[in-house]
There are 2 protein chains.
Amino acid sequence: MEKKLRMTHQREIILDELRRCRSHPTADELYERIKKKLPRISLATVYRNLEILSEVGLITKLEISGRQKRFDWDVQDHDHVYCTECHRVDNIPTATTTCLPVDPDQQKGYQITGCRIEFYGLCPNCQKPRKVQKFKGDKDMACKSCTTGLSDTQRQVLEAFAKSEEACGSKDIAAATGMESKKVSCQITALKKKGFVSSPVRCKYEITDEGKSQLSC
Amino acid sequence: MEKKLRMTHQREIILDELRRCRSHPTADELYERIKKKLPRISLATVYRNLEILSEVGLITKLEISGRQKRFDWDVQDHDHVYCTECHRVDNIPTATTTCLPVDPDQQKGYQITGCRIEFYGLCPNCQKPRKVQKFKGDKDMACKSCTTGLSDTQRQVLEAFAKSEEACGSKDIAAATGMESKKVSCQITALKKKGFVSSPVRCKYEITDEGKSQLSC
DNA sequence: CCTTGACATGCGAATGATTATCAAATACAT
DNA sequence: ATGTATTTGATAATCATTCGCATGTCAAGG
């Protein structure tokens, strides 16, 4: 008793237009592009079809953190990063592709059908220090991160490294700062990239001179 | 130049009410409960304060997959499962707590500040077969899952196991079905719990007789 | 104890994203 | 070509959330 789908012109264009996007457009971004080819198309049609196409598995619907839905032509399994500032979304290759299975006895009775992993942070554009500006024009919470290029969390992690005599792992830092080890490891990666920590041994890190100089300002 | 917060009566009640919730209420669920104590409170006040409290880290804002925001008194790092049917949210202990750090050179320039892991599936209540009903009262897509208690994906995985001569791992099944290994491992866990597959060796699974009988109906 | 200014509140209206409704148009099997 | 189930476009409706603003409250200083 399957309801059969018809390949209408608009459905075809919608699918086609999404597929030629390298980004992850929202319904209305897509609508704007499609209007150029089909000026009479309705926004509702775009929504409807994106929904249908994702239901039948021709595209993927991304429901990222309470924001506008986005759509992805790529139905392969992959994870995403999004910018907390401008809400741009990108693909991100995860180091460990295998999922973290949950202890079966601990699933609270849920019949789990999937899992979503998403990273967040600042995209290249939004990292550019733009003076006193935080989220949505908040009064004047002067943010240290703007002056040093370090987020508060990163500073915290870096300070923990500074206190340590020898190279240590993310768990040690997590213990020292009271932060979640999940966040810590993300921060370390970022700090490493900026050259503020280095890794003398696999999985052990220490602060660099450059990192120390960051802390002194 | 910090903006100083006042602990007003309503803010106190809101915090208190959330803390005595073992669930993860939405703003308006909380509003309903709070109205009993403060009948004159405004919904906007609830929203405002939940936002502020989460900004200063006294509570956590959960932005789960495109739905209504939920709030959590527990600021410790932990992951969640949500029901795709009724949208209930629960805590879930993840087996591997360490995050999957991303290859630094592959971060696309993002300065990553965190990561969110969420599982989804059917909660105990929504697993009860309730005749022909899928999401949002969809016409009549008769769903096999209702008759057997297996989702289509689970059936697919189980069928792959049935075809295999010997015990195999989730990657083998992923390859055989073309599914994402992430999903496969979740399904296996569920199937194992139901007794349709068993694990003769760690990380290897095989179909049980009970599983075989499921496939024949 | 009265005034001031910074926060906060309550109300209703506004917004933004998404869905629902429904008559008219269209695709597709026959 | 024809019948009919599916789709469309236009518009209204919904839902969660936020905004504007007049009013209220608090803490500190005179």
# chains A, B, ... in the order shown; residues from 1 in each chain; ligands from 1
call {"tool": "interface_residues", "arguments": {"of": "chain B", "to": "chain D", "cutoff": "9 Å", "atoms": "only C-alpha atoms (C1' of nucleotides)", "output": "PyMOL selection string"}}
result
chain B and resi 6+44+47+68-69
call {"tool": "write_last_selection", "arguments": {"atoms": "all heavy atoms", "output": "PDB file, in the first residue's frame"}}
result
ATOM      1  N   ARG B   6      20.793  39.436  39.681  1.00  0.00           N
ATOM      2  CA  ARG B   6      20.111  39.437  40.965  1.00  0.00           C
ATOM      3  C   ARG B   6      19.372  38.133  41.128  1.00  0.00           C
ATOM      4  O   ARG B   6      18.809  37.622  40.175  1.00  0.00           O
ATOM      5  CB  ARG B   6      19.085  40.570  41.015  1.00  0.00           C
ATOM      6  CG  ARG B   6      19.735  41.908  41.154  1.00  0.00           C
ATOM      7  CD  ARG B   6      18.708  43.001  41.092  1.00  0.00           C
ATOM      8  NE  ARG B   6      19.388  44.270  41.024  1.00  0.00           N
ATOM      9  CZ  ARG B   6      18.796  45.407  40.696  1.00  0.00           C
ATOM     10  NH1 ARG B   6      17.518  45.421  40.411  1.00  0.00           N
ATOM     11  NH2 ARG B   6      19.476  46.523  40.664  1.00  0.00           N
ATOM     12  N   ALA B  44       7.559  34.627  29.254  1.00  0.00           N
ATOM     13  CA  ALA B  44       8.781  35.296  28.795  1.00  0.00           C
ATOM     14  C   ALA B  44       9.843  35.302  29.891  1.00  0.00           C
ATOM     15  O   ALA B  44      11.031  35.152  29.619  1.00  0.00           O
ATOM     16  CB  ALA B  44       8.471  36.721  28.365  1.00  0.00           C
ATOM     17  N   TYR B  47      11.495  31.917  29.971  1.00  0.00           N
ATOM     18  CA  TYR B  47      12.445  31.815  28.877  1.00  0.00           C
ATOM     19  C   TYR B  47      13.709  32.624  29.180  1.00  0.00           C
ATOM     20  O   TYR B  47      14.818  32.131  29.055  1.00  0.00           O
ATOM     21  CB  TYR B  47      11.827  32.343  27.579  1.00  0.00           C
ATOM     22  CG  TYR B  47      11.127  31.285  26.781  1.00  0.00           C
ATOM     23  CD1 TYR B  47       9.750  31.200  26.730  1.00  0.00           C
ATOM     24  CD2 TYR B  47      11.854  30.343  26.052  1.00  0.00           C
ATOM     25  CE1 TYR B  47       9.103  30.228  25.986  1.00  0.00           C
ATOM     26  CE2 TYR B  47      11.221  29.364  25.299  1.00  0.00           C
ATOM     27  CZ  TYR B  47       9.842  29.317  25.269  1.00  0.00           C
ATOM     28  OH  TYR B  47       9.219  28.346  24.529  1.00  0.00           O
ATOM     29  N   GLN B  68      12.045  21.537  20.153  1.00  0.00           N
ATOM     30  CA  GLN B  68      11.986  22.473  21.266  1.00  0.00           C
ATOM     31  C   GLN B  68      13.220  22.332  22.153  1.00  0.00           C
ATOM     32  O   GLN B  68      13.679  21.224  22.396  1.00  0.00           O
ATOM     33  CB  GLN B  68      10.780  22.077  22.104  1.00  0.00           C
ATOM     34  CG  GLN B  68       9.765  23.139  22.305  1.00  0.00           C
ATOM     35  CD  GLN B  68       8.534  22.551  22.955  1.00  0.00           C
ATOM     36  OE1 GLN B  68       8.035  21.511  22.519  1.00  0.00           O
ATOM     37  NE2 GLN B  68       8.055  23.196  23.986  1.00  0.00           N
ATOM     38  N   LYS B  69      13.703  23.435  22.656  1.00  0.00           N
ATOM     39  CA  LYS B  69      14.827  23.355  23.577  1.00  0.00           C
ATOM     40  C   LYS B  69      14.375  22.723  24.886  1.00  0.00           C
ATOM     41  O   LYS B  69      13.245  22.871  25.306  1.00  0.00           O
ATOM     42  CB  LYS B  69      15.380  24.747  23.865  1.00  0.00           C
ATOM     43  CG  LYS B  69      16.027  25.402  22.672  1.00  0.00           C
ATOM     44  CD  LYS B  69      16.773  26.662  23.069  1.00  0.00           C
ATOM     45  CE  LYS B  69      17.365  27.366  21.873  1.00  0.00           C
ATOM     46  NZ  LYS B  69      16.512  28.444  21.357  1.00  0.00           N
TER      47      LYS B  69
END
call {"tool": "closest_atom_pairs", "arguments": {"of": "chain C", "to": "segment 26-29 of chain A", "cutoff": "12 Å", "atoms": "only C-alpha atoms (C1' of nucleotides)", "output": "JSON lines"}}
result
{"residue": "C:DG16", "atom": "C1'", "partner": "A:Asp28", "partner_atom": "CA", "distance": 11.4}
{"residue": "C:DA17", "atom": "C1'", "partner": "A:Asp28", "partner_atom": "CA", "distance": 9.6}
{"residue": "C:DT18", "atom": "C1'", "partner": "A:Ala27", "partner_atom": "CA", "distance": 9.9}
call {"tool": "closest_atom_pairs", "arguments": {"of": "chain B", "to": "chain C", "cutoff": "12 Å", "atoms": "only C-alpha atoms (C1' of nucleotides)", "output": "tab-separated table"}}
result
residue	atom	partner	partner_atom	distance
B:Lys3	CA	C:DC7	C1'	9.0
B:Lys4	CA	C:DC7	C1'	8.1
B:Leu5	CA	C:DC7	C1'	7.6
B:Arg6	CA	C:DC7	C1'	7.4
B:Met7	CA	C:DA8	C1'	10.0
B:Thr8	CA	C:DA8	C1'	8.0
B:His9	CA	C:DA8	C1'	10.4
B:Gln10	CA	C:DT9	C1'	9.1
B:Arg11	CA	C:DA8	C1'	9.7
B:Pro39	CA	C:DG10	C1'	11.6
B:Arg40	CA	C:DG10	C1'	8.0
B:Ile41	CA	C:DG10	C1'	7.2
B:Ser42	CA	C:DG10	C1'	5.7
B:Leu43	CA	C:DG10	C1'	8.8
B:Ala44	CA	C:DG10	C1'	8.1
B:Thr45	CA	C:DT9	C1'	6.9
B:Val46	CA	C:DT9	C1'	10.4
B:Arg48	CA	C:DA8	C1'	10.0
B:Asn49	CA	C:DA8	C1'	10.0
B:Gly66	CA	C:DA17	C1'	10.5
B:Arg67	CA	C:DA17	C1'	11.4
B:Lys136	CA	C:DT19	C1'	11.4
call {"tool": "atom_distance", "arguments": {"atom1": "atom CA of Leu38 of chain A", "atom2": "atom CA of Asp90 of chain A"}}
result
27.6 Å
call {"tool": "closest_atom_pairs", "arguments": {"of": "segment 52-126 of chain B", "to": "segment 106-116 of chain A", "cutoff": "7 Å", "atoms": "only C-alpha atoms", "output": "JSON lines"}}
result
{"residue": "B:Ile92", "atom": "CA", "partner": "A:Gln107", "partner_atom": "CA", "distance": 6.5}
{"residue": "B:Pro93", "atom": "CA", "partner": "A:Gln106", "partner_atom": "CA", "distance": 6.9}
{"residue": "B:Ile117", "atom": "CA", "partner": "A:Arg116", "partner_atom": "CA", "distance": 5.8}
{"residue": "B:Glu118", "atom": "CA", "partner": "A:Arg116", "partner_atom": "CA", "distance": 5.2}
{"residue": "B:Phe119", "atom": "CA", "partner": "A:Cys115", "partner_atom": "CA", "distance": 4.1}
{"residue": "B:Tyr120", "atom": "CA", "partner": "A:Gly114", "partner_atom": "CA", "distance": 5.4}
{"residue": "B:Gly121", "atom": "CA", "partner": "A:Ile112", "partner_atom": "CA", "distance": 4.1}
{"residue": "B:Leu122", "atom": "CA", "partner": "A:Gln111", "partner_atom": "CA", "distance": 5.0}
{"residue": "B:Cys123", "atom": "CA", "partner": "A:Tyr110", "partner_atom": "CA", "distance": 4.5}
{"residue": "B:Pro124", "atom": "CA", "partner": "A:Gly109", "partner_atom": "CA", "distance": 5.2}
call {"tool": "atom_distance", "arguments": {"atom1": "atom CA of Cys86 of chain B", "atom2": "atom CA of Ser54 of chain A"}}
result
20.2 Å
call {"tool": "closest_residue", "arguments": {"among": "B:Lys163, B:His87, B:His24, B:His78", "to": "chain A", "atoms": "only C-alpha atoms"}}
result
B:His78
call {"tool": "atom_distance", "arguments": {"atom1": "atom CA of Ala160 of chain A", "atom2": "atom CA of Glu206 of chain A"}}
result
9.9 Å
call {"tool": "decode", "arguments": {"residues": "chain D", "atoms": "N, CA, C and O atoms (P, O5', C5', C4', C3', O3' and C1' of nucleotides)", "output": "PDB file, in the first residue's frame"}}
result
ATOM      1  P    DA D   1      -4.708  12.552 -27.528  1.00  0.00           P
ATOM      2  O5'  DA D   1      -5.981  12.310 -26.605  1.00  0.00           O
ATOM      3  C5'  DA D   1      -7.272  12.327 -27.119  1.00  0.00           C
ATOM      4  C4'  DA D   1      -8.126  11.410 -26.277  1.00  0.00           C
ATOM      5  C3'  DA D   1      -8.746  12.105 -25.064  1.00  0.00           C
ATOM      6  O3'  DA D   1     -10.000  11.485 -24.843  1.00  0.00           O
ATOM      7  C1'  DA D   1      -7.273  10.404 -24.319  1.00  0.00           C
ATOM      8  P    DT D   2     -10.949  12.029 -23.750  1.00  0.00           P
ATOM      9  O5'  DT D   2     -10.541  11.120 -22.525  1.00  0.00           O
ATOM     10  C5'  DT D   2     -10.800   9.716 -22.564  1.00  0.00           C
ATOM     11  C4'  DT D   2     -10.816   9.182 -21.140  1.00  0.00           C
ATOM     12  C3'  DT D   2     -11.372  10.145 -20.111  1.00  0.00           C
ATOM     13  O3'  DT D   2     -12.142   9.391 -19.183  1.00  0.00           O
ATOM     14  C1'  DT D   2      -9.135   9.593 -19.554  1.00  0.00           C
ATOM     15  P    DG D   3     -13.092   9.994 -18.169  1.00  0.00           P
ATOM     16  O5'  DG D   3     -12.475   9.338 -16.846  1.00  0.00           O
ATOM     17  C5'  DG D   3     -12.151   7.944 -16.849  1.00  0.00           C
ATOM     18  C4'  DG D   3     -11.398   7.610 -15.578  1.00  0.00           C
ATOM     19  C3'  DG D   3     -11.925   8.304 -14.320  1.00  0.00           C
ATOM     20  O3'  DG D   3     -11.850   7.353 -13.277  1.00  0.00           O
ATOM     21  C1'  DG D   3      -9.661   8.948 -14.696  1.00  0.00           C
ATOM     22  P    DT D   4     -12.339   7.637 -11.833  1.00  0.00           P
ATOM     23  O5'  DT D   4     -10.974   7.947 -11.074  1.00  0.00           O
ATOM     24  C5'  DT D   4      -9.917   6.978 -11.114  1.00  0.00           C
ATOM     25  C4'  DT D   4      -8.719   7.547 -10.403  1.00  0.00           C
ATOM     26  C3'  DT D   4      -9.041   8.311  -9.115  1.00  0.00           C
ATOM     27  O3'  DT D   4      -8.027   8.031  -8.182  1.00  0.00           O
ATOM     28  C1'  DT D   4      -7.772   9.665 -10.501  1.00  0.00           C
ATOM     29  P    DA D   5      -8.360   7.657  -6.695  1.00  0.00           P
ATOM     30  O5'  DA D   5      -6.905   7.526  -6.057  1.00  0.00           O
ATOM     31  C5'  DA D   5      -5.905   6.769  -6.740  1.00  0.00           C
ATOM     32  C4'  DA D   5      -4.623   7.578  -6.780  1.00  0.00           C
ATOM     33  C3'  DA D   5      -4.243   8.194  -5.441  1.00  0.00           C
ATOM     34  O3'  DA D   5      -2.851   7.961  -5.255  1.00  0.00           O
ATOM     35  C1'  DA D   5      -4.335   9.900  -7.085  1.00  0.00           C
ATOM     36  P    DT D   6      -2.060   8.385  -3.999  1.00  0.00           P
ATOM     37  O5'  DT D   6      -1.219   9.630  -4.536  1.00  0.00           O
ATOM     38  C5'  DT D   6      -0.426   9.460  -5.691  1.00  0.00           C
ATOM     39  C4'  DT D   6       0.113  10.798  -6.143  1.00  0.00           C
ATOM     40  C3'  DT D   6       0.817  11.618  -5.063  1.00  0.00           C
ATOM     41  O3'  DT D   6       2.092  11.934  -5.571  1.00  0.00           O
ATOM     42  C1'  DT D   6      -0.717  12.953  -6.254  1.00  0.00           C
ATOM     43  P    DT D   7       3.211  12.700  -4.780  1.00  0.00           P
ATOM     44  O5'  DT D   7       3.218  14.193  -5.353  1.00  0.00           O
ATOM     45  C5'  DT D   7       2.565  14.464  -6.496  1.00  0.00           C
ATOM     46  C4'  DT D   7       2.715  15.911  -6.905  1.00  0.00           C
ATOM     47  C3'  DT D   7       3.444  16.873  -5.990  1.00  0.00           C
ATOM     48  O3'  DT D   7       4.306  17.664  -6.794  1.00  0.00           O
ATOM     49  C1'  DT D   7       1.210  17.620  -6.355  1.00  0.00           C
ATOM     50  P    DT D   8       5.092  18.886  -6.161  1.00  0.00           P
ATOM     51  O5'  DT D   8       4.149  20.119  -6.482  1.00  0.00           O
ATOM     52  C5'  DT D   8       3.901  20.455  -7.837  1.00  0.00           C
ATOM     53  C4'  DT D   8       2.960  21.634  -7.901  1.00  0.00           C
ATOM     54  C3'  DT D   8       3.477  22.859  -7.146  1.00  0.00           C
ATOM     55  O3'  DT D   8       3.725  23.883  -8.094  1.00  0.00           O
ATOM     56  C1'  DT D   8       1.198  22.371  -6.606  1.00  0.00           C
ATOM     57  P    DG D   9       4.648  25.105  -7.678  1.00  0.00           P
ATOM     58  O5'  DG D   9       3.515  26.131  -7.232  1.00  0.00           O
ATOM     59  C5'  DG D   9       2.552  26.555  -8.169  1.00  0.00           C
ATOM     60  C4'  DG D   9       1.575  27.506  -7.520  1.00  0.00           C
ATOM     61  C3'  DG D   9       2.217  28.659  -6.736  1.00  0.00           C
ATOM     62  O3'  DG D   9       1.476  29.830  -7.066  1.00  0.00           O
ATOM     63  C1'  DG D   9       0.769  27.408  -5.309  1.00  0.00           C
ATOM     64  P    DA D  10       1.974  31.243  -6.634  1.00  0.00           P
ATOM     65  O5'  DA D  10       0.907  31.624  -5.509  1.00  0.00           O
ATOM     66  C5'  DA D  10      -0.476  31.421  -5.783  1.00  0.00           C
ATOM     67  C4'  DA D  10      -1.283  31.629  -4.520  1.00  0.00           C
ATOM     68  C3'  DA D  10      -0.709  32.705  -3.591  1.00  0.00           C
ATOM     69  O3'  DA D  10      -1.751  33.618  -3.282  1.00  0.00           O
ATOM     70  C1'  DA D  10      -1.091  30.688  -2.398  1.00  0.00           C
ATOM     71  P    DT D  11      -1.482  34.829  -2.283  1.00  0.00           P
ATOM     72  O5'  DT D  11      -2.099  34.270  -0.934  1.00  0.00           O
ATOM     73  C5'  DT D  11      -3.265  33.439  -0.993  1.00  0.00           C
ATOM     74  C4'  DT D  11      -3.559  32.925   0.399  1.00  0.00           C
ATOM     75  C3'  DT D  11      -3.122  33.898   1.498  1.00  0.00           C
ATOM     76  O3'  DT D  11      -4.216  34.090   2.376  1.00  0.00           O
ATOM     77  C1'  DT D  11      -2.300  31.734   1.940  1.00  0.00           C
ATOM     78  P    DA D  12      -4.103  34.991   3.664  1.00  0.00           P
ATOM     79  O5'  DA D  12      -4.557  33.966   4.790  1.00  0.00           O
ATOM     80  C5'  DA D  12      -5.510  32.952   4.475  1.00  0.00           C
ATOM     81  C4'  DA D  12      -5.462  31.892   5.552  1.00  0.00           C
ATOM     82  C3'  DA D  12      -5.392  32.461   6.964  1.00  0.00           C
ATOM     83  O3'  DA D  12      -6.241  31.669   7.789  1.00  0.00           O
ATOM     84  C1'  DA D  12      -3.493  31.091   6.569  1.00  0.00           C
ATOM     85  P    DA D  13      -6.250  31.846   9.377  1.00  0.00           P
ATOM     86  O5'  DA D  13      -5.230  30.740   9.869  1.00  0.00           O
ATOM     87  C5'  DA D  13      -5.474  29.381   9.527  1.00  0.00           C
ATOM     88  C4'  DA D  13      -4.467  28.523  10.269  1.00  0.00           C
ATOM     89  C3'  DA D  13      -4.338  28.849  11.752  1.00  0.00           C
ATOM     90  O3'  DA D  13      -4.421  27.626  12.448  1.00  0.00           O
ATOM     91  C1'  DA D  13      -2.207  28.885  10.705  1.00  0.00           C
ATOM     92  P    DT D  14      -4.418  27.602  14.062  1.00  0.00           P
ATOM     93  O5'  DT D  14      -2.948  27.115  14.391  1.00  0.00           O
ATOM     94  C5'  DT D  14      -2.426  25.973  13.709  1.00  0.00           C
ATOM     95  C4'  DT D  14      -0.989  25.793  14.108  1.00  0.00           C
ATOM     96  C3'  DT D  14      -0.706  26.065  15.580  1.00  0.00           C
ATOM     97  O3'  DT D  14      -0.093  24.907  16.101  1.00  0.00           O
ATOM     98  C1'  DT D  14       0.880  27.154  14.196  1.00  0.00           C
ATOM     99  P    DC D  15      -0.075  24.595  17.633  1.00  0.00           P
ATOM    100  O5'  DC D  15       1.400  23.985  17.811  1.00  0.00           O
ATOM    101  C5'  DC D  15       2.324  24.035  16.753  1.00  0.00           C
ATOM    102  C4'  DC D  15       3.634  24.642  17.212  1.00  0.00           C
ATOM    103  C3'  DC D  15       3.714  24.988  18.702  1.00  0.00           C
ATOM    104  O3'  DC D  15       4.770  24.237  19.263  1.00  0.00           O
ATOM    105  C1'  DC D  15       4.522  26.785  17.352  1.00  0.00           C
ATOM    106  P    DA D  16       5.193  24.468  20.807  1.00  0.00           P
ATOM    107  O5'  DA D  16       6.492  25.352  20.634  1.00  0.00           O
ATOM    108  C5'  DA D  16       7.584  24.789  19.941  1.00  0.00           C
ATOM    109  C4'  DA D  16       8.663  25.832  19.838  1.00  0.00           C
ATOM    110  C3'  DA D  16       9.192  26.299  21.191  1.00  0.00           C
ATOM    111  O3'  DA D  16      10.606  26.312  21.107  1.00  0.00           O
ATOM    112  C1'  DA D  16       8.439  28.154  19.914  1.00  0.00           C
ATOM    113  P    DT D  17      11.454  26.721  22.391  1.00  0.00           P
ATOM    114  O5'  DT D  17      11.669  28.280  22.135  1.00  0.00           O
ATOM    115  C5'  DT D  17      12.268  28.657  20.904  1.00  0.00           C
ATOM    116  C4'  DT D  17      12.189  30.150  20.728  1.00  0.00           C
ATOM    117  C3'  DT D  17      12.771  30.962  21.885  1.00  0.00           C
ATOM    118  O3'  DT D  17      13.966  31.560  21.400  1.00  0.00           O
ATOM    119  C1'  DT D  17      10.784  31.928  21.014  1.00  0.00           C
ATOM    120  P    DT D  18      14.847  32.426  22.375  1.00  0.00           P
ATOM    121  O5'  DT D  18      14.383  33.901  21.963  1.00  0.00           O
ATOM    122  C5'  DT D  18      14.322  34.222  20.592  1.00  0.00           C
ATOM    123  C4'  DT D  18      13.739  35.610  20.413  1.00  0.00           C
ATOM    124  C3'  DT D  18      14.351  36.689  21.319  1.00  0.00           C
ATOM    125  O3'  DT D  18      14.753  37.733  20.455  1.00  0.00           O
ATOM    126  C1'  DT D  18      12.000  36.776  21.397  1.00  0.00           C
ATOM    127  P    DC D  19      15.577  38.995  21.011  1.00  0.00           P
ATOM    128  O5'  DC D  19      14.555  40.211  20.818  1.00  0.00           O
ATOM    129  C5'  DC D  19      13.658  40.184  19.715  1.00  0.00           C
ATOM    130  C4'  DC D  19      12.706  41.354  19.809  1.00  0.00           C
ATOM    131  C3'  DC D  19      13.235  42.572  20.565  1.00  0.00           C
ATOM    132  O3'  DC D  19      12.916  43.728  19.816  1.00  0.00           O
ATOM    133  C1'  DC D  19      11.220  41.786  21.565  1.00  0.00           C
ATOM    134  P    DG D  20      13.477  45.152  20.314  1.00  0.00           P
ATOM    135  O5'  DG D  20      12.147  45.856  20.861  1.00  0.00           O
ATOM    136  C5'  DG D  20      10.904  45.696  20.173  1.00  0.00           C
ATOM    137  C4'  DG D  20       9.850  46.578  20.830  1.00  0.00           C
ATOM    138  C3'  DG D  20      10.408  47.810  21.543  1.00  0.00           C
ATOM    139  O3'  DG D  20       9.431  48.828  21.449  1.00  0.00           O
ATOM    140  C1'  DG D  20       9.451  46.343  23.141  1.00  0.00           C
ATOM    141  P    DC D  21       9.788  50.308  21.942  1.00  0.00           P
ATOM    142  O5'  DC D  21       8.959  50.420  23.305  1.00  0.00           O
ATOM    143  C5'  DC D  21       7.647  49.854  23.401  1.00  0.00           C
ATOM    144  C4'  DC D  21       7.220  49.792  24.847  1.00  0.00           C
ATOM    145  C3'  DC D  21       7.895  50.864  25.721  1.00  0.00           C
ATOM    146  O3'  DC D  21       6.924  51.357  26.622  1.00  0.00           O
ATOM    147  C1'  DC D  21       8.180  48.776  26.694  1.00  0.00           C
ATOM    148  P    DA D  22       6.940  52.949  26.953  1.00  0.00           P
ATOM    149  O5'  DA D  22       5.817  53.028  28.086  1.00  0.00           O
ATOM    150  C5'  DA D  22       4.619  52.257  27.969  1.00  0.00           C
ATOM    151  C4'  DA D  22       4.326  51.579  29.294  1.00  0.00           C
ATOM    152  C3'  DA D  22       4.524  52.478  30.513  1.00  0.00           C
ATOM    153  O3'  DA D  22       3.441  52.252  31.413  1.00  0.00           O
ATOM    154  C1'  DA D  22       5.848  50.539  30.745  1.00  0.00           C
ATOM    155  P    DT D  23       3.374  52.986  32.845  1.00  0.00           P
ATOM    156  O5'  DT D  23       3.858  51.829  33.818  1.00  0.00           O
ATOM    157  C5'  DT D  23       3.199  50.565  33.767  1.00  0.00           C
ATOM    158  C4'  DT D  23       3.890  49.623  34.741  1.00  0.00           C
ATOM    159  C3'  DT D  23       4.103  50.226  36.134  1.00  0.00           C
ATOM    160  O3'  DT D  23       3.585  49.308  37.080  1.00  0.00           O
ATOM    161  C1'  DT D  23       6.096  49.258  35.327  1.00  0.00           C
ATOM    162  P    DG D  24       3.667  49.593  38.632  1.00  0.00           P
ATOM    163  O5'  DG D  24       4.810  48.589  39.127  1.00  0.00           O
ATOM    164  C5'  DG D  24       4.766  47.221  38.749  1.00  0.00           C
ATOM    165  C4'  DG D  24       5.977  46.509  39.324  1.00  0.00           C
ATOM    166  C3'  DG D  24       6.314  46.883  40.771  1.00  0.00           C
ATOM    167  O3'  DG D  24       6.601  45.682  41.466  1.00  0.00           O
ATOM    168  C1'  DG D  24       8.195  47.214  39.392  1.00  0.00           C
ATOM    169  P    DT D  25       6.838  45.679  43.028  1.00  0.00           P
ATOM    170  O5'  DT D  25       8.401  45.427  43.164  1.00  0.00           O
ATOM    171  C5'  DT D  25       9.007  44.350  42.452  1.00  0.00           C
ATOM    172  C4'  DT D  25      10.501  44.407  42.674  1.00  0.00           C
ATOM    173  C3'  DT D  25      10.908  44.754  44.105  1.00  0.00           C
ATOM    174  O3'  DT D  25      11.872  43.806  44.485  1.00  0.00           O
ATOM    175  C1'  DT D  25      12.046  46.126  42.569  1.00  0.00           C
ATOM    176  P    DC D  26      12.276  43.628  46.032  1.00  0.00           P
ATOM    177  O5'  DC D  26      13.846  43.863  45.949  1.00  0.00           O
ATOM    178  C5'  DC D  26      14.598  43.240  44.905  1.00  0.00           C
ATOM    179  C4'  DC D  26      15.929  43.969  44.774  1.00  0.00           C
ATOM    180  C3'  DC D  26      16.560  44.309  46.120  1.00  0.00           C
ATOM    181  O3'  DC D  26      17.904  43.864  46.110  1.00  0.00           O
ATOM    182  C1'  DC D  26      16.438  46.223  44.735  1.00  0.00           C
ATOM    183  P    DA D  27      18.737  43.801  47.521  1.00  0.00           P
ATOM    184  O5'  DA D  27      20.222  44.156  47.029  1.00  0.00           O
ATOM    185  C5'  DA D  27      20.410  44.769  45.755  1.00  0.00           C
ATOM    186  C4'  DA D  27      21.440  45.875  45.879  1.00  0.00           C
ATOM    187  C3'  DA D  27      22.057  46.058  47.265  1.00  0.00           C
ATOM    188  O3'  DA D  27      23.410  46.434  47.072  1.00  0.00           O
ATOM    189  C1'  DA D  27      20.860  48.020  46.681  1.00  0.00           C
ATOM    190  P    DA D  28      24.387  46.877  48.259  1.00  0.00           P
ATOM    191  O5'  DA D  28      24.602  48.421  47.901  1.00  0.00           O
ATOM    192  C5'  DA D  28      24.878  48.782  46.547  1.00  0.00           C
ATOM    193  C4'  DA D  28      25.057  50.275  46.478  1.00  0.00           C
ATOM    194  C3'  DA D  28      25.845  50.864  47.645  1.00  0.00           C
ATOM    195  O3'  DA D  28      26.713  51.860  47.136  1.00  0.00           O
ATOM    196  C1'  DA D  28      23.690  51.842  47.565  1.00  0.00           C
ATOM    197  P    DG D  29      27.590  52.781  48.155  1.00  0.00           P
ATOM    198  O5'  DG D  29      26.865  54.190  47.987  1.00  0.00           O
ATOM    199  C5'  DG D  29      26.286  54.528  46.710  1.00  0.00           C
ATOM    200  C4'  DG D  29      25.902  55.983  46.716  1.00  0.00           C
ATOM    201  C3'  DG D  29      26.678  56.843  47.712  1.00  0.00           C
ATOM    202  O3'  DG D  29      26.844  58.142  47.162  1.00  0.00           O
ATOM    203  C1'  DG D  29      24.387  56.730  48.373  1.00  0.00           C
ATOM    204  P    DG D  30      27.766  59.194  47.885  1.00  0.00           P
ATOM    205  O5'  DG D  30      26.686  60.137  48.560  1.00  0.00           O
ATOM    206  C5'  DG D  30      26.101  61.168  47.763  1.00  0.00           C
ATOM    207  C4'  DG D  30      24.667  61.411  48.201  1.00  0.00           C
ATOM    208  C3'  DG D  30      24.529  62.577  49.187  1.00  0.00           C
ATOM    209  O3'  DG D  30      23.767  63.580  48.544  1.00  0.00           O
ATOM    210  C1'  DG D  30      23.163  60.725  49.806  1.00  0.00           C
TER     211       DG D  30
END
